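Next comes protein35.cif, a file with mmCIF, C-alpha atoms.
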data_protein
#
loop_
_atom_site.label_atom_id
_atom_site.label_comp_id
_atom_site.auth_asym_id
_atom_site.auth_seq_id
_atom_site.Cartn_x
_atom_site.Cartn_y
_atom_site.Cartn_z
CA MET A 1 23.22 -9.33 -9.93
CA ALA A 2 20.27 -11.56 -10.66
CA SER A 3 17.78 -8.71 -10.76
CA GLU A 4 19.35 -7.47 -13.98
CA GLU A 5 17.97 -10.57 -15.65
CA TRP A 6 14.58 -10.28 -14.04
CA PRO A 7 11.87 -8.41 -15.90
CA LEU A 8 10.36 -5.23 -14.53
CA PHE A 9 6.78 -5.21 -13.29
CA GLU A 10 4.53 -2.23 -12.69
CA VAL A 11 2.49 -2.41 -9.51
CA PHE A 12 -1.08 -1.15 -9.09
CA ILE A 13 -2.84 -1.12 -5.75
CA ARG A 14 -6.44 -0.54 -4.86
CA GLY A 15 -6.75 1.34 -1.59
CA GLN A 16 -9.12 0.72 1.26
CA HIS A 17 -12.02 2.81 0.11
CA GLY A 18 -13.20 1.36 -3.16
CA LEU A 19 -10.98 3.54 -5.32
CA ASN A 20 -9.54 2.37 -8.62
CA HIS A 21 -6.21 0.60 -8.76
CA ARG A 22 -3.48 3.22 -8.82
CA HIS A 23 0.06 2.90 -10.08
CA VAL A 24 2.37 2.92 -7.06
CA GLY A 25 5.74 1.90 -8.52
CA SER A 26 7.64 -0.96 -10.04
CA LEU A 27 9.85 -3.86 -9.05
CA HIS A 28 11.91 -6.71 -10.47
CA ALA A 29 10.72 -10.29 -10.18
CA PRO A 30 11.29 -13.58 -11.99
CA ASP A 31 7.57 -13.97 -12.79
CA ALA A 32 4.14 -12.53 -12.12
CA ARG A 33 3.37 -14.68 -9.09
CA THR A 34 6.59 -13.64 -7.35
CA ALA A 35 6.02 -10.05 -8.41
CA LEU A 36 2.72 -10.19 -6.54
CA LEU A 37 4.43 -11.47 -3.38
CA TYR A 38 7.14 -8.84 -3.62
CA ALA A 39 4.56 -6.11 -4.25
CA ARG A 40 2.81 -7.17 -1.07
CA ASP A 41 6.03 -6.74 0.89
CA VAL A 42 7.36 -3.67 -0.85
CA TYR A 43 4.20 -1.60 -1.30
CA THR A 44 1.62 -2.68 1.29
CA ARG A 45 3.63 -2.68 4.49
CA ARG A 46 1.43 0.01 6.02
CA ASN A 47 -1.92 -1.47 5.16
CA GLU A 48 -2.23 0.53 1.96
CA GLY A 49 -4.33 -1.80 -0.08
CA VAL A 50 -6.91 -4.51 -0.48
CA SER A 51 -6.00 -5.60 -4.02
CA ILE A 52 -2.82 -5.69 -6.10
CA TRP A 53 -2.28 -5.90 -9.84
CA VAL A 54 1.12 -6.49 -11.40
CA VAL A 55 1.79 -6.02 -15.09
CA LYS A 56 5.00 -6.67 -16.96
CA SER A 57 6.30 -3.25 -17.91
CA SER A 58 7.05 -4.52 -21.40
CA ASP A 59 3.35 -5.35 -21.84
CA ILE A 60 2.34 -1.73 -21.43
CA THR A 61 1.94 0.25 -24.62
CA ALA A 62 2.47 3.91 -23.87
CA SER A 63 2.01 7.09 -25.86
CA SER A 64 5.35 8.61 -26.73
CA PRO A 65 6.46 12.09 -25.68
CA GLU A 66 7.06 13.14 -29.31
CA ASP A 67 3.40 12.52 -30.06
CA GLN A 68 2.32 14.76 -27.24
CA GLY A 69 1.34 17.69 -29.48
CA PRO A 70 -0.77 15.97 -32.13
CA PHE A 71 -2.15 13.58 -29.48
CA PHE A 72 -3.41 16.01 -26.90
CA ASP A 73 -3.37 19.57 -28.22
CA PRO A 74 -6.53 19.35 -30.37
CA SER A 75 -8.71 18.90 -27.29
CA ASN A 76 -7.34 22.14 -25.79
CA THR A 77 -9.55 24.24 -27.99
CA LYS A 78 -12.66 22.14 -27.65
CA ILE A 79 -13.88 23.71 -24.48
CA TYR A 80 -17.43 22.60 -25.26
CA ARG A 81 -16.34 19.10 -24.27
CA HIS A 82 -16.10 20.24 -20.68
CA PRO A 83 -19.36 20.27 -18.77
CA THR A 84 -18.90 23.88 -17.73
CA PHE A 85 -21.82 25.44 -19.61
CA PHE A 86 -24.57 24.25 -17.32
CA ASP A 87 -26.14 26.35 -14.62
CA ILE A 88 -26.30 24.14 -11.62
CA PRO A 89 -29.58 24.49 -9.75
CA GLU A 90 -29.08 25.61 -6.20
CA GLU A 91 -30.91 22.56 -4.85
CA ALA A 92 -28.22 20.33 -6.37
CA GLY A 93 -25.69 21.79 -3.96
CA PRO A 94 -21.95 21.93 -4.61
CA MET A 95 -20.76 19.51 -7.31
CA MET B 1 13.01 -35.79 27.99
CA SER B 2 12.79 -34.81 31.63
CA LEU B 3 16.37 -33.80 32.17
CA PRO B 4 16.76 -30.75 34.40
CA PRO B 5 17.75 -27.31 33.11
CA LEU B 6 21.43 -26.92 32.37
CA PHE B 7 21.82 -24.41 35.19
CA PRO B 8 19.89 -24.56 38.46
CA PRO B 9 18.02 -21.43 39.64
CA PHE B 10 20.25 -18.74 41.05
CA ALA B 11 19.73 -15.37 42.74
CA GLY B 12 19.66 -12.42 40.38
CA ALA B 13 18.54 -14.38 37.33
CA VAL B 14 16.65 -12.18 34.87
CA PHE B 15 14.02 -14.87 34.44
CA GLN B 16 13.43 -17.73 36.80
CA GLU B 17 11.44 -20.71 35.56
CA ASP B 18 8.90 -21.67 38.17
CA PHE B 19 6.92 -24.81 37.36
CA SER B 20 5.11 -24.88 40.71
CA THR B 21 2.30 -22.39 39.91
CA PRO B 22 -0.07 -22.00 36.92
CA GLU B 23 1.31 -18.49 36.26
CA GLY B 24 4.86 -19.77 36.42
CA ARG B 25 4.15 -22.56 33.95
CA LEU B 26 2.41 -20.17 31.59
CA ALA B 27 5.35 -17.76 31.84
CA ALA B 28 7.81 -20.55 31.09
CA TYR B 29 5.78 -21.55 28.03
CA ALA B 30 5.44 -17.96 26.77
CA LEU B 31 9.21 -17.67 27.12
CA ARG B 32 9.72 -20.62 24.75
CA LEU B 33 7.38 -19.11 22.16
CA GLY B 34 9.11 -15.75 22.51
CA ASP B 35 12.61 -17.17 22.27
CA ASP B 36 11.81 -19.18 19.13
CA ALA B 37 10.50 -16.04 17.42
CA LEU B 38 13.22 -13.72 18.71
CA ILE B 39 16.16 -15.86 17.66
CA LEU B 40 14.79 -16.64 14.19
CA GLY B 41 13.85 -12.97 13.78
CA GLN B 42 17.42 -12.00 14.66
CA ARG B 43 18.86 -14.55 12.23
CA LEU B 44 16.66 -13.33 9.37
CA SER B 45 17.49 -9.70 10.09
CA GLU B 46 21.20 -10.51 9.63
CA TRP B 47 20.41 -10.57 5.91
CA ILE B 48 19.22 -6.99 5.73
CA GLY B 49 21.40 -5.17 3.23
CA HIS B 50 22.94 -8.44 2.04
CA THR B 51 20.21 -10.32 0.18
CA PRO B 52 20.66 -11.13 -3.52
CA VAL B 53 18.00 -8.62 -4.66
CA LEU B 54 16.34 -5.52 -3.28
CA GLU B 55 12.86 -7.05 -3.29
CA GLU B 56 14.04 -9.99 -1.16
CA ASP B 57 15.73 -7.59 1.21
CA ILE B 58 12.46 -5.86 1.99
CA ALA B 59 10.51 -9.11 2.12
CA ILE B 60 12.85 -10.82 4.57
CA ALA B 61 13.06 -7.68 6.72
CA ASN B 62 9.25 -7.73 6.93
CA THR B 63 9.29 -11.34 8.02
CA ALA B 64 12.00 -10.67 10.61
CA LEU B 65 9.98 -7.76 11.98
CA ASP B 66 6.87 -9.92 12.25
CA LEU B 67 8.85 -12.41 14.32
CA ILE B 68 10.49 -9.82 16.54
CA GLY B 69 7.11 -8.14 17.02
CA ARG B 70 5.57 -11.34 18.31
CA ALA B 71 8.64 -12.11 20.41
CA ARG B 72 8.05 -8.81 22.18
CA LEU B 73 4.45 -9.81 22.97
CA TRP B 74 5.41 -13.28 24.24
CA LEU B 75 8.30 -11.99 26.32
CA GLU B 76 6.15 -9.19 27.77
CA LEU B 77 3.64 -11.82 28.78
CA ALA B 78 6.36 -13.98 30.30
CA ALA B 79 7.79 -11.03 32.22
CA ASP B 80 4.36 -9.96 33.49
CA LEU B 81 3.43 -13.47 34.61
CA ALA B 82 6.78 -13.96 36.33
CA GLY B 83 6.06 -10.79 38.30
CA ALA B 84 9.69 -9.91 38.95
CA GLY B 85 9.37 -6.43 37.46
CA ARG B 86 11.32 -7.32 34.32
CA THR B 87 10.53 -6.13 30.81
CA ALA B 88 10.58 -7.88 27.43
CA ASP B 89 13.82 -6.00 26.67
CA ASP B 90 15.43 -7.35 29.85
CA LEU B 91 14.52 -10.86 28.81
CA ALA B 92 15.83 -10.39 25.27
CA PHE B 93 19.06 -8.56 26.01
CA LEU B 94 20.15 -9.53 29.51
CA ARG B 95 19.69 -13.28 29.63
CA ASP B 96 22.57 -15.61 28.98
CA GLY B 97 22.45 -18.50 26.56
CA PHE B 98 21.66 -21.17 29.15
CA ALA B 99 18.52 -19.18 30.11
CA PHE B 100 17.22 -19.17 26.52
CA ARG B 101 14.60 -21.78 25.65
CA ASN B 102 14.48 -21.61 21.85
CA LEU B 103 14.73 -24.59 19.51
CA LEU B 104 18.24 -25.33 18.26
CA LEU B 105 16.96 -25.15 14.65
CA VAL B 106 16.36 -21.39 14.82
CA GLU B 107 19.79 -20.51 16.23
CA LEU B 108 21.83 -22.30 13.55
CA PRO B 109 23.83 -19.96 11.30
CA ASN B 110 22.08 -18.76 8.15
CA GLY B 111 24.40 -20.32 5.60
CA ASP B 112 23.51 -19.32 2.05
CA TYR B 113 20.20 -17.68 1.18
CA GLY B 114 18.57 -20.95 0.18
CA ARG B 115 19.45 -22.53 3.50
CA THR B 116 18.10 -19.48 5.34
CA LEU B 117 14.80 -19.75 3.50
CA LEU B 118 14.60 -23.50 4.01
CA ARG B 119 15.21 -23.24 7.77
CA ALA B 120 12.56 -20.52 8.06
CA PHE B 121 10.11 -22.64 6.07
CA LEU B 122 10.69 -25.76 8.19
CA PHE B 123 10.02 -23.67 11.31
CA ASP B 124 7.12 -21.64 9.87
CA ALA B 125 5.30 -24.82 8.83
CA PHE B 126 5.46 -25.86 12.49
CA GLU B 127 4.77 -22.40 13.91
CA VAL B 128 1.62 -21.96 11.87
CA GLU B 129 0.14 -25.19 13.30
CA ARG B 130 1.21 -24.34 16.84
CA LEU B 131 -0.30 -20.85 16.63
CA ALA B 132 -3.54 -22.14 15.09
CA ALA B 133 -3.91 -24.51 18.06
CA LEU B 134 -2.97 -21.80 20.56
CA ALA B 135 -5.48 -19.37 19.04
CA ARG B 136 -8.16 -21.78 20.28
CA SER B 137 -6.69 -21.97 23.79
CA PRO B 138 -9.03 -21.17 26.68
CA GLU B 139 -6.12 -19.17 28.10
CA ALA B 140 -7.03 -15.80 26.55
CA ARG B 141 -3.58 -14.25 27.01
CA LEU B 142 -2.06 -16.96 24.81
CA ALA B 143 -4.93 -17.07 22.33
CA GLU B 144 -4.86 -13.33 21.65
CA ILE B 145 -1.19 -13.17 20.66
CA ALA B 146 -1.42 -16.46 18.75
CA ALA B 147 -4.36 -15.26 16.64
CA LYS B 148 -2.46 -12.17 15.53
CA ALA B 149 0.75 -14.06 14.85
CA GLU B 150 -1.00 -16.88 13.00
CA ARG B 151 -2.14 -14.52 10.23
CA GLU B 152 1.46 -13.41 9.70
CA SER B 153 2.77 -16.95 9.71
CA ARG B 154 0.24 -18.04 7.09
CA TYR B 155 1.90 -15.57 4.75
CA HIS B 156 5.44 -16.57 5.81
CA VAL B 157 4.75 -20.20 5.06
CA GLU B 158 3.17 -19.42 1.69
CA ARG B 159 6.05 -17.19 0.65
CA GLY B 160 8.58 -19.73 1.92
CA ALA B 161 6.97 -22.65 0.08
CA ASP B 162 6.99 -20.66 -3.14
CA LEU B 163 10.69 -19.88 -2.88
CA ILE B 164 11.70 -23.40 -1.85
CA ILE B 165 9.90 -24.84 -4.88
CA ARG B 166 11.56 -22.34 -7.18
CA LEU B 167 15.05 -22.97 -5.82
CA GLY B 168 14.67 -26.75 -5.53
CA ASP B 169 13.20 -27.00 -9.01
CA GLY B 170 15.50 -24.29 -10.31
CA THR B 171 19.05 -24.53 -11.58
CA GLU B 172 21.44 -27.36 -10.92
CA GLU B 173 23.27 -25.17 -8.42
CA SER B 174 20.21 -23.97 -6.52
CA HIS B 175 18.93 -27.55 -6.32
CA ALA B 176 22.26 -28.85 -5.04
CA ARG B 177 22.52 -26.09 -2.45
CA LEU B 178 19.03 -26.73 -1.13
CA GLU B 179 19.64 -30.46 -0.98
CA THR B 180 22.79 -29.90 1.07
CA ALA B 181 20.94 -27.49 3.37
CA LEU B 182 18.13 -30.00 3.84
CA GLY B 183 20.62 -32.63 4.96
CA GLU B 184 22.19 -30.21 7.43
CA LEU B 185 18.92 -28.91 8.90
CA TRP B 186 16.93 -32.13 9.03
CA PRO B 187 18.57 -33.52 12.21
CA TYR B 188 17.20 -30.45 14.03
CA VAL B 189 13.52 -30.58 13.01
CA GLY B 190 12.60 -33.41 15.39
CA GLU B 191 13.09 -31.18 18.43
CA MET B 192 10.00 -29.18 17.47
CA PHE B 193 7.79 -32.17 18.23
CA LEU B 194 9.34 -33.26 21.52
CA SER B 195 7.53 -32.68 24.76
CA ASP B 196 8.60 -32.38 28.39
CA PRO B 197 6.71 -32.24 31.71
CA LEU B 198 5.84 -28.54 31.21
CA GLU B 199 4.27 -28.98 27.78
CA GLU B 200 2.73 -32.33 28.73
CA GLY B 201 0.98 -30.59 31.64
CA LEU B 202 -0.26 -27.69 29.50
CA ALA B 203 -1.48 -30.13 26.86
CA ALA B 204 -3.29 -32.25 29.45
CA ALA B 205 -5.00 -29.10 30.75
CA GLY B 206 -6.04 -28.18 27.19
CA ILE B 207 -4.09 -24.90 27.33
CA ALA B 208 -1.47 -25.63 24.68
CA PRO B 209 -1.10 -28.29 21.98
CA ASP B 210 0.95 -31.43 22.47
CA PRO B 211 3.87 -30.74 20.07
CA ALA B 212 3.68 -34.28 18.70
CA SER B 213 0.08 -33.65 17.61
CA LEU B 214 1.28 -30.93 15.22
CA ARG B 215 3.52 -33.30 13.36
CA PRO B 216 1.14 -34.89 10.82
CA ALA B 217 0.02 -31.51 9.44
CA TRP B 218 3.63 -30.28 9.38
CA GLN B 219 4.79 -33.39 7.61
CA ARG B 220 2.03 -33.20 4.98
CA ARG B 221 2.86 -29.60 4.15
CA VAL B 222 6.64 -30.00 4.16
CA GLU B 223 6.64 -33.22 2.15
CA ALA B 224 4.32 -31.75 -0.48
CA VAL B 225 6.61 -28.73 -0.91
CA LEU B 226 9.81 -30.82 -0.97
CA ARG B 227 8.29 -33.10 -3.61
CA GLU B 228 7.26 -30.19 -5.78
CA ALA B 229 10.76 -28.79 -5.30
CA THR B 230 12.13 -32.13 -6.56
CA LEU B 231 14.01 -32.55 -3.28
CA PRO B 232 14.29 -35.88 -1.46
CA VAL B 233 12.12 -36.26 1.65
CA PRO B 234 14.51 -37.43 4.37
CA GLU B 235 13.57 -40.06 6.91
CA MET B 236 12.77 -38.91 10.42
CA GLY B 237 15.55 -40.21 12.58
CA PHE B 238 17.96 -38.86 15.15
CA THR B 239 17.30 -35.37 16.39
CA HIS B 240 19.46 -32.87 18.24
CA ARG B 241 17.77 -31.55 21.35
CA GLY B 242 18.44 -29.38 24.36
CA GLY B 243 17.15 -25.90 23.54
CA ARG B 244 14.18 -26.21 25.90
CA ARG B 245 16.49 -26.71 28.87
CA GLY B 246 19.20 -24.29 27.89
CA VAL B 247 21.68 -26.64 26.20
CA HIS B 248 22.48 -24.74 23.01
CA THR B 249 24.84 -24.96 20.07
CA GLU B 250 28.03 -22.93 20.00
CA HIS B 251 26.37 -20.57 17.50
CA LEU B 252 24.03 -18.88 19.96
CA GLY B 253 26.78 -16.96 21.72
CA HIS B 254 27.92 -15.45 18.43
CA LEU B 255 24.38 -14.33 17.74
CA PHE B 256 24.26 -12.65 21.18
CA ALA B 257 27.54 -10.90 20.50
CA GLU B 258 25.60 -8.86 17.98
CA MET B 259 22.10 -8.85 19.46
CA GLN B 260 22.98 -8.12 23.08
CA PHE B 261 26.16 -6.09 22.71
CA LEU B 262 24.66 -2.61 23.09
CA GLN B 263 22.62 -3.30 26.20
CA ARG B 264 25.50 -5.19 27.79
CA ALA B 265 28.08 -2.49 27.06
CA TYR B 266 25.77 0.46 27.72
CA PRO B 267 23.12 -0.75 30.18
CA GLY B 268 19.76 0.99 29.79
CA LEU B 269 20.81 2.81 26.62
CA GLN B 270 17.87 4.16 24.63
CA TRP B 271 17.57 5.62 21.15
#
structure tokens encoding of this file:
Amino acid sequence: MASEEWPLFEVFIRGQHGLNHRHVGSLHAPDARTALLYARDVYTRRNEGVSIWVVKSSDITASSPEDQGPFFDPSNTKIYRHPTFFDIPEEAGPM
Amino acid sequence: MSLPPLFPPFAGAVFQEDFSTPEGRLAAYALRLGDDALILGQRLSEWIGHTPVLEEDIAIANTALDLIGRARLWLELAADLAGAGRTADDLAFLRDGFAFRNLLLVELPNGDYGRTLLRAFLFDAFEVERLAALARSPEARLAEIAAKAERESRYHVERGADLIIRLGDGTEESHARLETALGELWPYVGEMFLSDPLEEGLAAAGIAPDPASLRPAWQRRVEAVLREATLPVPEMGFTHRGGRRGVHTEHLGHLFAEMQFLQRAYPGLQW
């Protein structure tokens, strides 16, 4: 099947309400332009978006699962990095 | 081309063309628009589950649904205007071939995937011009449906052009297949631009475009795409005709065997 020779693309769609592009899935396509057309048909059939990005999956550099500990654990203990030590004035209302 | 319909009016017909009143003429015209979209939509949907790749499967199903969606609107309009108490479903599923008014181009068998895409592109490039003109019609019932459908067709034609260029300017095999398909389909494109007393009258009244007037824009678009696809641009010559008066190819009946079977075998069946 031809798709086995086609590279994989990750698809990001920006929704209606000014949100950031979000990863919605992936698809196979011969090139970026076609990937964009396919993404339109595969992922925006129900009016989900106003903007699409496609990125070749192989162009994404990802953190690896083995690194998870050293990568993320140190921030667990640094609770002072969270903005939870402020008293919120009542006039500010719920944040 | 003012030959009469293949079959004269008869009692009990699901849809009776009536050229003697404005409503009747509008109904007859809406029927043509609906039949073009319905038959091509049915042909494209035959590919569902069979396309070369999953992404194409979804894309062509979308396109087919766009066409069937607009066919429903046109046929509803035709049924309403005819005032015989029929529905769009009646018109789609209970008419015989000689009562269909679609272009012969859209009823031809799909052939390979390249030929299917090429046929759709040749039609879409025409449809997009026809709908753009109809969207400006003073007849609001036509203009409303046309405006909605035109937006869809703009995408169809863009997608189609892209694929034709890729296949034409692709491998030796894809090029050869497209070139063969072009030779087979070309003798059917001329029918899109033919007129008859019904469409001449609507054009004279400013309600619908004269089909011939859509040709320059169609030709510019199609020739540009064929050139980029490294395909030869054939000469305009002989054209098959007859769809507008119910003289169809032998392929239409086979299409009905699938499309109309359920409602014929189990009348009124719902799901």
field: Reference answer for the PyMOL selection byres ((chain B) within 7 of (chain A)), as a list in words
entry: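 Listing what the PyMOL selection byres ((chain B) within 7 of (chain A)) selects in the shown file: Val53, Glu55, Ile58, Ala59 and Asn62 of chain B.
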Atom-to-atom span, atom CA of B:Glu184 and atom CA of B:Glu127, Å: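 Rounded to one decimal, the two atoms are 20.2 Å apart.
Note that atom CA of A:Ser26 and atom CA of A:Asn47 are 18.0 Å apart.
Residues matched by the PyMOL selection byres ((chain A and resi 9) around 6) in this structure: Leu8, Glu10, Ser26, Leu27, Val55, Lys56 and Ser57 of chain A.
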What's around B:Ile68 at 8 Å? Count all atoms listed in the file, leave out sequence neighbours fewer than 3 positions away in its own chain, and write the answer as a short mmCIF file (atom, residue, chain, number, x, y, z; two decimals) with C-alpha atoms, in the frame of the given file.
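Dumped everything to selection21.cif:
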data_model
loop_
_atom_site.label_atom_id
_atom_site.label_comp_id
_atom_site.auth_asym_id
_atom_site.auth_seq_id
_atom_site.Cartn_x
_atom_site.Cartn_y
_atom_site.Cartn_z
CA ALA B 37 10.50 -16.04 17.42
CA LEU B 38 13.22 -13.72 18.71
CA GLY B 41 13.85 -12.97 13.78
CA GLN B 42 17.42 -12.00 14.66
CA ALA B 64 12.00 -10.67 10.61
CA LEU B 65 9.98 -7.76 11.98
CA ALA B 71 8.64 -12.11 20.41
CA ARG B 72 8.05 -8.81 22.18
#
field: the PyMOL selection byres ((chain B and resi 204-216) around 8) resolved against shown file, as a PyMOL selection string
entry: chain B and resi 126+129-130+133-134+137-139+192-195+199-203+217-220
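Picture a line from atom CA of B:Gly12 to atom CA of B:Glu107; it runs 25.5 Å.
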query: Which is closer to A:Gly49 than all the others in A:His21, A:Arg81, A:Glu5, A:Gly93, using only C-alpha atoms?
result: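 Comparing A:His21, A:Arg81, A:Glu5, A:Gly93 against A:Gly49, the winner is A:His21.
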task: Determine the nearest neighbour of B:Leu163 from the options B:Arg241, B:Arg264, B:Arg136, B:Arg115, counting all atoms listed in the file.
output: B:Arg115
field: Pick from B:Leu252, B:Leu269, B:Leu44, B:Ala27, whichever lies nearest to B:Leu108 using only C-alpha atoms
entry: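 Nearest to B:Leu108: B:Leu252.
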Please rebuild stretch 19-33 of chain B with N, CA and C atoms and give the result as a tab-separated table (two decimals), keeping the file's coordinate frame.
chain	number	residue	atom	x	y	z
B	19	PHE	N	7.94	-23.87	37.85
B	19	PHE	CA	6.92	-24.81	37.36
B	19	PHE	C	5.89	-25.15	38.42
B	20	SER	N	5.97	-24.47	39.59
B	20	SER	CA	5.11	-24.88	40.71
B	20	SER	C	3.76	-24.17	40.71
B	21	THR	N	3.59	-23.10	39.93
B	21	THR	CA	2.30	-22.39	39.91
B	21	THR	C	1.80	-22.32	38.47
B	22	PRO	N	0.47	-22.14	38.28
B	22	PRO	CA	-0.07	-22.00	36.92
B	22	PRO	C	0.54	-20.80	36.20
B	23	GLU	N	0.71	-19.67	36.90
B	23	GLU	CA	1.31	-18.49	36.26
B	23	GLU	C	2.75	-18.79	35.84
B	24	GLY	N	3.46	-19.45	36.71
B	24	GLY	CA	4.86	-19.77	36.42
B	24	GLY	C	4.98	-20.67	35.20
B	25	ARG	N	4.09	-21.64	35.10
B	25	ARG	CA	4.15	-22.56	33.95
B	25	ARG	C	3.80	-21.83	32.66
B	26	LEU	N	2.79	-20.95	32.76
B	26	LEU	CA	2.41	-20.17	31.59
B	26	LEU	C	3.56	-19.24	31.16
B	27	ALA	N	4.22	-18.65	32.15
B	27	ALA	CA	5.35	-17.76	31.84
B	27	ALA	C	6.46	-18.54	31.15
B	28	ALA	N	6.74	-19.73	31.66
B	28	ALA	CA	7.81	-20.55	31.09
B	28	ALA	C	7.48	-20.93	29.64
B	29	TYR	N	6.20	-21.18	29.39
B	29	TYR	CA	5.78	-21.55	28.03
B	29	TYR	C	5.85	-20.34	27.09
B	30	ALA	N	5.38	-19.19	27.59
B	30	ALA	CA	5.44	-17.96	26.77
B	30	ALA	C	6.89	-17.64	26.42
B	31	LEU	N	7.79	-17.92	27.35
B	31	LEU	CA	9.21	-17.67	27.12
B	31	LEU	C	9.73	-18.52	25.94
B	32	ARG	N	9.30	-19.76	25.86
B	32	ARG	CA	9.72	-20.62	24.75
B	32	ARG	C	9.24	-20.06	23.41
B	33	LEU	N	7.95	-19.67	23.40
B	33	LEU	CA	7.38	-19.11	22.16
B	33	LEU	C	8.13	-17.84	21.77
